[in-house]
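Colleague: Below you will find the structure I want to go over with you.
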Amino acid sequence: MVANIRYPWKCGHHWWTAAILRIRHLWSDDGPAGDCFWWMDALFLFGGIRGGVTASWAHERKIFTVCQTLFTVNVFVFSLQFYTALTGDNEDVSLVILETTKITCIIISCLRMIAAGIFIEPIATLRQYITSTYRHSKDRAYEEREQIKFNRAARKFLQIIFSWIVIDTIVFTFPNATKNELFKFPLQLSWIGNKTTNLYIYLVVGSIPGSILPKTIGCTVCLAVILMGMRTKLRFLAHRFQQISQQLDLNDDQYFTWVQREVREALVQYLEYWSYLKILENLVGKVFLLVHYFSIFAIAALIYACFGMGMNFMTFIFGAAVTFFLFEYFFLCYLVDSFRDEADTIGQHIFEICARIPFRAERRSEYIQLRTTLMIIWINTRNGIHMDCVGLFEINTPKFLALLNIAYSVLTFLTQMG
């Protein structure tokens, strides 16, 4: 009897130990989930874009099918709710605004994931460049350390996003009268019956964060990770010029020849980075267009909805959404501004190199050519990093303050309408 009990216990203990080891390896720095782009591919899969490392998952097709089915059902139901609010006898303007916000979120979610699908090739190109082991400086330890810092920061950022989605999904499954009223079954489908309605509220409404949020935020989260990676690569270039500016243990002729060679090699890497930077600027400008106009409306409409509902369950959900959209806009502006900080660092190192280059009359032409090359790099670095929203405005941190001003104006307009 004891032997019959001990054998299943050992088998269960062995299975549990092996499962714990697999999970630890998955979440370790050396495991698959240790790569920030693993998390990005997972977010894309939940958002409806297949590929990357998730293509090798055993249940990849099932995850894709379930997420797309839930999203399609929500689109259908939200459309019927919006139609009912517009054509019904109810003259409540706040209801129309709320339903407009919901259908707008669905439309923007689709547009963002369509944009991610359209730009999947430049995203893949930039991703390959970011993860490449090509050395921009001769300090291998420094580059490995910075690459690890980037991967760790991006991974934590993505894990926070996933945690937010999971928490929202869990909270949405709790019964709540306000939630049921906001996402109630359309009158056109009332013939289905109470059991189907309850199943819809529990499964479909409960899965709204998991089916809609990855589509809404997937493209911009990917853009933020790409910006962080490209900033790290620019930091490598700044370190390369810093190494050149700090070499002092050579005589004048040796130092001049050494600087010529080092600047020539750095220029090749600089031009390579600049070609990828142009791809990034084009990507940022087009994606930020969706972020800008959606943020203006969504922030104002969600705050208006919070005022109309008072303090309840959904107020915290909408408040979290407003907080994220504000953070999303500010973080993208901050990352763009951080490129200019790195560019200023490169300019400072180039100034130091120019000041230390020894002048010899017999090498005057080489001296002028070298200084001219360095000055061109300096000017191009200062003025060349320019990211704008498809020519409408320049993307920078002060633009975030302008967003708050415009969103407040829209909120005032909605309040007066209501």
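Naming works like this for the structure tokens: A, B, ... for the chains as they're shown, residue 1 at the start of each chain, ligands 1 onward in shown order.
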Show me, as a list in words, the residues that have an atom within 12 Å of Arg140 in chain A when counting only C-alpha atoms, minus same-chain residues fewer than 6 positions from it.

Modeller: Thr133, Tyr134, Glu146, Gln147, Phe236, His239 and Arg240 of chain A

Colleague: If we count only C-alpha atoms and set the cut-off at 8 Å, which residues sit around range 326-340 of chain A, ignoring sequence neighbours fewer than 5 positions away in its own chain? Please answer as a PDB file with all heavy atoms, in the first residue's frame.

Modeller:
ATOM      1  N   THR A 220       3.405  50.895 -30.331  1.00  0.00           N
ATOM      2  CA  THR A 220       4.173  51.940 -29.655  1.00  0.00           C
ATOM      3  C   THR A 220       5.181  51.353 -28.667  1.00  0.00           C
ATOM      4  O   THR A 220       6.261  51.920 -28.476  1.00  0.00           O
ATOM      5  CB  THR A 220       3.227  52.904 -28.917  1.00  0.00           C
ATOM      6  OG1 THR A 220       2.313  52.149 -28.107  1.00  0.00           O
ATOM      7  CG2 THR A 220       2.427  53.729 -29.903  1.00  0.00           C
ATOM      8  N   ALA A 224       9.144  52.032 -28.730  1.00  0.00           N
ATOM      9  CA  ALA A 224       9.925  52.458 -27.575  1.00  0.00           C
ATOM     10  C   ALA A 224      11.160  51.571 -27.389  1.00  0.00           C
ATOM     11  O   ALA A 224      12.252  52.071 -27.117  1.00  0.00           O
ATOM     12  CB  ALA A 224       9.055  52.434 -26.318  1.00  0.00           C
ATOM     13  N   LEU A 227      13.683  52.449 -30.056  1.00  0.00           N
ATOM     14  CA  LEU A 227      14.343  53.713 -29.728  1.00  0.00           C
ATOM     15  C   LEU A 227      15.404  53.506 -28.651  1.00  0.00           C
ATOM     16  O   LEU A 227      16.510  54.072 -28.735  1.00  0.00           O
ATOM     17  CB  LEU A 227      13.308  54.736 -29.252  1.00  0.00           C
ATOM     18  CG  LEU A 227      12.477  55.430 -30.335  1.00  0.00           C
ATOM     19  CD1 LEU A 227      11.315  56.183 -29.709  1.00  0.00           C
ATOM     20  CD2 LEU A 227      13.335  56.381 -31.160  1.00  0.00           C
ATOM     21  N   MET A 228      15.095  52.707 -27.646  1.00  0.00           N
ATOM     22  CA  MET A 228      16.076  52.426 -26.593  1.00  0.00           C
ATOM     23  C   MET A 228      17.296  51.707 -27.154  1.00  0.00           C
ATOM     24  O   MET A 228      18.438  52.014 -26.787  1.00  0.00           O
ATOM     25  CB  MET A 228      15.408  51.581 -25.503  1.00  0.00           C
ATOM     26  CG  MET A 228      14.317  52.304 -24.725  1.00  0.00           C
ATOM     27  SD  MET A 228      13.321  51.199 -23.681  1.00  0.00           S
ATOM     28  CE  MET A 228      14.535  50.695 -22.469  1.00  0.00           C
ATOM     29  N   ARG A 231      19.358  54.159 -29.299  1.00  0.00           N
ATOM     30  CA  ARG A 231      20.071  55.096 -28.429  1.00  0.00           C
ATOM     31  C   ARG A 231      21.326  54.440 -27.859  1.00  0.00           C
ATOM     32  O   ARG A 231      22.378  55.093 -27.717  1.00  0.00           O
ATOM     33  CB  ARG A 231      19.144  55.541 -27.300  1.00  0.00           C
ATOM     34  CG  ARG A 231      19.774  56.552 -26.350  1.00  0.00           C
ATOM     35  CD  ARG A 231      18.850  56.875 -25.205  1.00  0.00           C
ATOM     36  NE  ARG A 231      18.528  55.702 -24.398  1.00  0.00           N
ATOM     37  CZ  ARG A 231      17.720  55.729 -23.336  1.00  0.00           C
ATOM     38  NH1 ARG A 231      17.154  56.865 -22.968  1.00  0.00           N
ATOM     39  NH2 ARG A 231      17.481  54.621 -22.662  1.00  0.00           N
ATOM     40  N   LEU A 234      23.945  54.537 -30.500  1.00  0.00           N
ATOM     41  CA  LEU A 234      24.513  55.880 -30.600  1.00  0.00           C
ATOM     42  C   LEU A 234      25.483  56.135 -29.450  1.00  0.00           C
ATOM     43  O   LEU A 234      26.506  56.817 -29.621  1.00  0.00           O
ATOM     44  CB  LEU A 234      23.395  56.927 -30.596  1.00  0.00           C
ATOM     45  CG  LEU A 234      23.804  58.381 -30.806  1.00  0.00           C
ATOM     46  CD1 LEU A 234      24.504  58.569 -32.147  1.00  0.00           C
ATOM     47  CD2 LEU A 234      22.593  59.305 -30.703  1.00  0.00           C
ATOM     48  N   VAL A 291      -0.328  57.994 -32.428  1.00  0.00           N
ATOM     49  CA  VAL A 291      -0.241  58.207 -30.984  1.00  0.00           C
ATOM     50  C   VAL A 291      -0.774  59.591 -30.609  1.00  0.00           C
ATOM     51  O   VAL A 291      -1.551  59.738 -29.652  1.00  0.00           O
ATOM     52  CB  VAL A 291       1.222  58.060 -30.506  1.00  0.00           C
ATOM     53  CG1 VAL A 291       1.347  58.402 -29.023  1.00  0.00           C
ATOM     54  CG2 VAL A 291       1.719  56.641 -30.760  1.00  0.00           C
ATOM     55  N   HIS A 292      -0.414  60.599 -31.367  1.00  0.00           N
ATOM     56  CA  HIS A 292      -0.752  61.984 -31.031  1.00  0.00           C
ATOM     57  C   HIS A 292      -2.258  62.217 -31.050  1.00  0.00           C
ATOM     58  O   HIS A 292      -2.845  62.646 -30.037  1.00  0.00           O
ATOM     59  CB  HIS A 292      -0.057  62.931 -32.012  1.00  0.00           C
ATOM     60  CG  HIS A 292      -0.386  64.376 -31.798  1.00  0.00           C
ATOM     61  ND1 HIS A 292       0.069  65.087 -30.704  1.00  0.00           N
ATOM     62  CD2 HIS A 292      -1.144  65.247 -32.531  1.00  0.00           C
ATOM     63  CE1 HIS A 292      -0.370  66.331 -30.774  1.00  0.00           C
ATOM     64  NE2 HIS A 292      -1.110  66.457 -31.860  1.00  0.00           N
ATOM     65  N   SER A 295      -4.278  60.047 -28.532  1.00  0.00           N
ATOM     66  CA  SER A 295      -4.079  60.457 -27.138  1.00  0.00           C
ATOM     67  C   SER A 295      -4.929  61.671 -26.798  1.00  0.00           C
ATOM     68  O   SER A 295      -5.499  61.750 -25.703  1.00  0.00           O
ATOM     69  CB  SER A 295      -2.601  60.759 -26.877  1.00  0.00           C
ATOM     70  OG  SER A 295      -1.808  59.608 -27.061  1.00  0.00           O
ATOM     71  N   ILE A 299      -7.630  60.611 -23.921  1.00  0.00           N
ATOM     72  CA  ILE A 299      -7.405  61.160 -22.580  1.00  0.00           C
ATOM     73  C   ILE A 299      -8.587  62.007 -22.145  1.00  0.00           C
ATOM     74  O   ILE A 299      -9.122  61.858 -21.035  1.00  0.00           O
ATOM     75  CB  ILE A 299      -6.100  61.970 -22.550  1.00  0.00           C
ATOM     76  CG1 ILE A 299      -4.898  61.036 -22.719  1.00  0.00           C
ATOM     77  CG2 ILE A 299      -5.975  62.780 -21.267  1.00  0.00           C
ATOM     78  CD1 ILE A 299      -3.587  61.753 -22.946  1.00  0.00           C
ATOM     79  N   ARG A 382      24.703  67.349 -34.719  1.00  0.00           N
ATOM     80  CA  ARG A 382      23.877  68.321 -33.994  1.00  0.00           C
ATOM     81  C   ARG A 382      22.561  68.580 -34.695  1.00  0.00           C
ATOM     82  O   ARG A 382      21.514  68.691 -34.057  1.00  0.00           O
ATOM     83  CB  ARG A 382      24.638  69.649 -33.851  1.00  0.00           C
ATOM     84  CG  ARG A 382      25.759  69.628 -32.821  1.00  0.00           C
ATOM     85  CD  ARG A 382      26.380  70.998 -32.693  1.00  0.00           C
ATOM     86  NE  ARG A 382      25.385  72.014 -32.353  1.00  0.00           N
ATOM     87  CZ  ARG A 382      25.609  73.319 -32.418  1.00  0.00           C
ATOM     88  NH1 ARG A 382      26.791  73.776 -32.825  1.00  0.00           N
ATOM     89  NH2 ARG A 382      24.673  74.173 -32.071  1.00  0.00           N
ATOM     90  N   ILE A 385      19.891  64.814 -36.222  1.00  0.00           N
ATOM     91  CA  ILE A 385      18.928  64.037 -35.438  1.00  0.00           C
ATOM     92  C   ILE A 385      17.678  64.883 -35.252  1.00  0.00           C
ATOM     93  O   ILE A 385      17.588  65.721 -34.346  1.00  0.00           O
ATOM     94  CB  ILE A 385      19.519  63.612 -34.085  1.00  0.00           C
ATOM     95  CG1 ILE A 385      20.740  62.726 -34.316  1.00  0.00           C
ATOM     96  CG2 ILE A 385      18.490  62.876 -33.252  1.00  0.00           C
ATOM     97  CD1 ILE A 385      21.401  62.245 -33.045  1.00  0.00           C
ATOM     98  N   MET A 387      13.521  64.318 -35.454  1.00  0.00           N
ATOM     99  CA  MET A 387      12.360  63.449 -35.630  1.00  0.00           C
ATOM    100  C   MET A 387      11.097  64.278 -35.522  1.00  0.00           C
ATOM    101  O   MET A 387      10.901  64.994 -34.525  1.00  0.00           O
ATOM    102  CB  MET A 387      12.360  62.332 -34.575  1.00  0.00           C
ATOM    103  CG  MET A 387      13.576  61.428 -34.647  1.00  0.00           C
ATOM    104  SD  MET A 387      13.475  60.028 -33.523  1.00  0.00           S
ATOM    105  CE  MET A 387      15.157  59.379 -33.641  1.00  0.00           C
ATOM    106  N   ILE A 395       8.996  66.326 -32.663  1.00  0.00           N
ATOM    107  CA  ILE A 395       8.716  65.515 -31.481  1.00  0.00           C
ATOM    108  C   ILE A 395       9.747  65.836 -30.414  1.00  0.00           C
ATOM    109  O   ILE A 395      10.948  65.636 -30.618  1.00  0.00           O
ATOM    110  CB  ILE A 395       8.760  64.013 -31.825  1.00  0.00           C
ATOM    111  CG1 ILE A 395       7.751  63.687 -32.925  1.00  0.00           C
ATOM    112  CG2 ILE A 395       8.471  63.168 -30.593  1.00  0.00           C
ATOM    113  CD1 ILE A 395       7.869  62.275 -33.458  1.00  0.00           C
ATOM    114  N   ASN A 396       9.301  66.341 -29.284  1.00  0.00           N
ATOM    115  CA  ASN A 396      10.178  66.638 -28.160  1.00  0.00           C
ATOM    116  C   ASN A 396       9.347  66.689 -26.886  1.00  0.00           C
ATOM    117  O   ASN A 396       8.112  66.630 -26.919  1.00  0.00           O
ATOM    118  CB  ASN A 396      10.950  67.953 -28.369  1.00  0.00           C
ATOM    119  CG  ASN A 396      10.039  69.088 -28.805  1.00  0.00           C
ATOM    120  OD1 ASN A 396       8.916  69.198 -28.328  1.00  0.00           O
ATOM    121  ND2 ASN A 396      10.513  69.929 -29.704  1.00  0.00           N
ATOM    122  N   THR A 397      10.012  66.818 -25.746  1.00  0.00           N
ATOM    123  CA  THR A 397       9.314  66.806 -24.460  1.00  0.00           C
ATOM    124  C   THR A 397       8.338  67.971 -24.289  1.00  0.00           C
ATOM    125  O   THR A 397       7.240  67.770 -23.748  1.00  0.00           O
ATOM    126  CB  THR A 397      10.342  66.791 -23.314  1.00  0.00           C
ATOM    127  OG1 THR A 397      11.238  65.685 -23.491  1.00  0.00           O
ATOM    128  CG2 THR A 397       9.654  66.631 -21.970  1.00  0.00           C
ATOM    129  N   LYS A 399       6.406  69.131 -26.364  1.00  0.00           N
ATOM    130  CA  LYS A 399       5.176  68.783 -27.070  1.00  0.00           C
ATOM    131  C   LYS A 399       4.202  68.049 -26.143  1.00  0.00           C
ATOM    132  O   LYS A 399       2.980  68.089 -26.348  1.00  0.00           O
ATOM    133  CB  LYS A 399       5.513  67.919 -28.288  1.00  0.00           C
ATOM    134  CG  LYS A 399       4.324  67.551 -29.158  1.00  0.00           C
ATOM    135  CD  LYS A 399       3.508  68.745 -29.589  1.00  0.00           C
ATOM    136  CE  LYS A 399       4.293  69.666 -30.501  1.00  0.00           C
ATOM    137  NZ  LYS A 399       3.444  70.780 -30.994  1.00  0.00           N
ATOM    138  N   PHE A 400       4.731  67.379 -25.110  1.00  0.00           N
ATOM    139  CA  PHE A 400       3.865  66.715 -24.139  1.00  0.00           C
ATOM    140  C   PHE A 400       3.008  67.731 -23.394  1.00  0.00           C
ATOM    141  O   PHE A 400       1.825  67.489 -23.122  1.00  0.00           O
ATOM    142  CB  PHE A 400       4.721  65.913 -23.158  1.00  0.00           C
ATOM    143  CG  PHE A 400       3.942  65.293 -22.030  1.00  0.00           C
ATOM    144  CD1 PHE A 400       3.124  64.203 -22.258  1.00  0.00           C
ATOM    145  CD2 PHE A 400       4.044  65.815 -20.743  1.00  0.00           C
ATOM    146  CE1 PHE A 400       2.403  63.630 -21.210  1.00  0.00           C
ATOM    147  CE2 PHE A 400       3.331  65.244 -19.700  1.00  0.00           C
ATOM    148  CZ  PHE A 400       2.507  64.150 -19.936  1.00  0.00           C
TER     149      PHE A 400
END

Colleague: Looking at A:Val205, A:Ala361, A:Ile377, A:Ala85, which one is nearest to Ala266 in chain A, with distances taken over only C-alpha atoms?

Modeller: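 Looking at the shortest contact to Ala266 in chain A, the residue is A:Ile377.
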
Colleague: Could you tell me how far CA of Gly391 in chain A sits from CA of Met230 in chain A, in Å to one decimal place?

Modeller: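 Calculated distance between CA of Met230 in chain A and CA of Gly391 in chain A is 21.7 Å.
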
Colleague: Skipping near chain neighbours, those fewer than 5 positions away, what residues fall within 9 Å of range 37-52 of chain A using only C-alpha atoms, listed as an MDAnalysis selection string?

Modeller: chainID A and resid 32 60:61 63:65 67:68 109 113 116:117 127 151 154:155 158:159 162 210:219 221:222 225

Colleague: Distance CA of Leu277 in chain A-CA of Leu126 in chain A, one decimal place?

Modeller: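 Calculated distance between CA of Leu277 in chain A and CA of Leu126 in chain A is 8.8 Å.
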
Colleague: I'd like the neighbourhood of Pro358 in chain A as a list of chain:residue names, where a residue qualifies if any of its atoms comes within 9 Å (using only C-alpha atoms), though same-chain residues fewer than 3 positions away should be ignored.

Modeller: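 My reading of the contact set: A:Asp252, A:Asp253, A:Tyr255, A:Phe256, A:Cys354, A:Ala355, A:Tyr367.
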
Colleague: Next, dump the selected residues to file, keeping only N, CA and C atoms, as a PDB file, in the first residue's frame.

Modeller:
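Listed below is the output, out_24.pdb:
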ATOM      1  N   ASP A 252      53.747  63.691 -31.547  1.00  0.00           N
ATOM      2  CA  ASP A 252      52.849  64.425 -32.442  1.00  0.00           C
ATOM      3  C   ASP A 252      52.590  63.690 -33.747  1.00  0.00           C
ATOM      4  N   ASP A 253      53.636  63.214 -34.420  1.00  0.00           N
ATOM      5  CA  ASP A 253      53.446  62.531 -35.703  1.00  0.00           C
ATOM      6  C   ASP A 253      52.653  61.228 -35.539  1.00  0.00           C
ATOM      7  N   TYR A 255      50.611  60.520 -33.114  1.00  0.00           N
ATOM      8  CA  TYR A 255      49.241  60.836 -32.691  1.00  0.00           C
ATOM      9  C   TYR A 255      48.393  61.274 -33.881  1.00  0.00           C
ATOM     10  N   PHE A 256      48.975  62.111 -34.772  1.00  0.00           N
ATOM     11  CA  PHE A 256      48.228  62.580 -35.933  1.00  0.00           C
ATOM     12  C   PHE A 256      47.852  61.416 -36.842  1.00  0.00           C
ATOM     13  N   CYS A 354      39.539  67.917 -31.924  1.00  0.00           N
ATOM     14  CA  CYS A 354      40.027  69.028 -32.751  1.00  0.00           C
ATOM     15  C   CYS A 354      41.036  69.891 -31.985  1.00  0.00           C
ATOM     16  N   ALA A 355      40.783  70.085 -30.710  1.00  0.00           N
ATOM     17  CA  ALA A 355      41.682  70.924 -29.910  1.00  0.00           C
ATOM     18  C   ALA A 355      43.036  70.266 -29.678  1.00  0.00           C
ATOM     19  N   TYR A 367      45.967  68.164 -42.196  1.00  0.00           N
ATOM     20  CA  TYR A 367      45.407  68.739 -40.966  1.00  0.00           C
ATOM     21  C   TYR A 367      44.049  69.384 -41.250  1.00  0.00           C
TER      22      TYR A 367
END

Colleague: If you measure from CA of Phe318 in chain A to CA of Leu283 in chain A, what distance in Å do you get, rounded to one decimal?

Modeller: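 Value for the CA of Phe318 in chain A-CA of Leu283 in chain A distance: 29.0 Å.
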
Colleague: Residues at most 9 Å from Ile279 in chain A, counting only C-alpha atoms, excluding those fewer than 4 positions away in the same chain, as a ChimeraX atom specification?

Modeller: /A:122-123,125-126,274-275,283-284
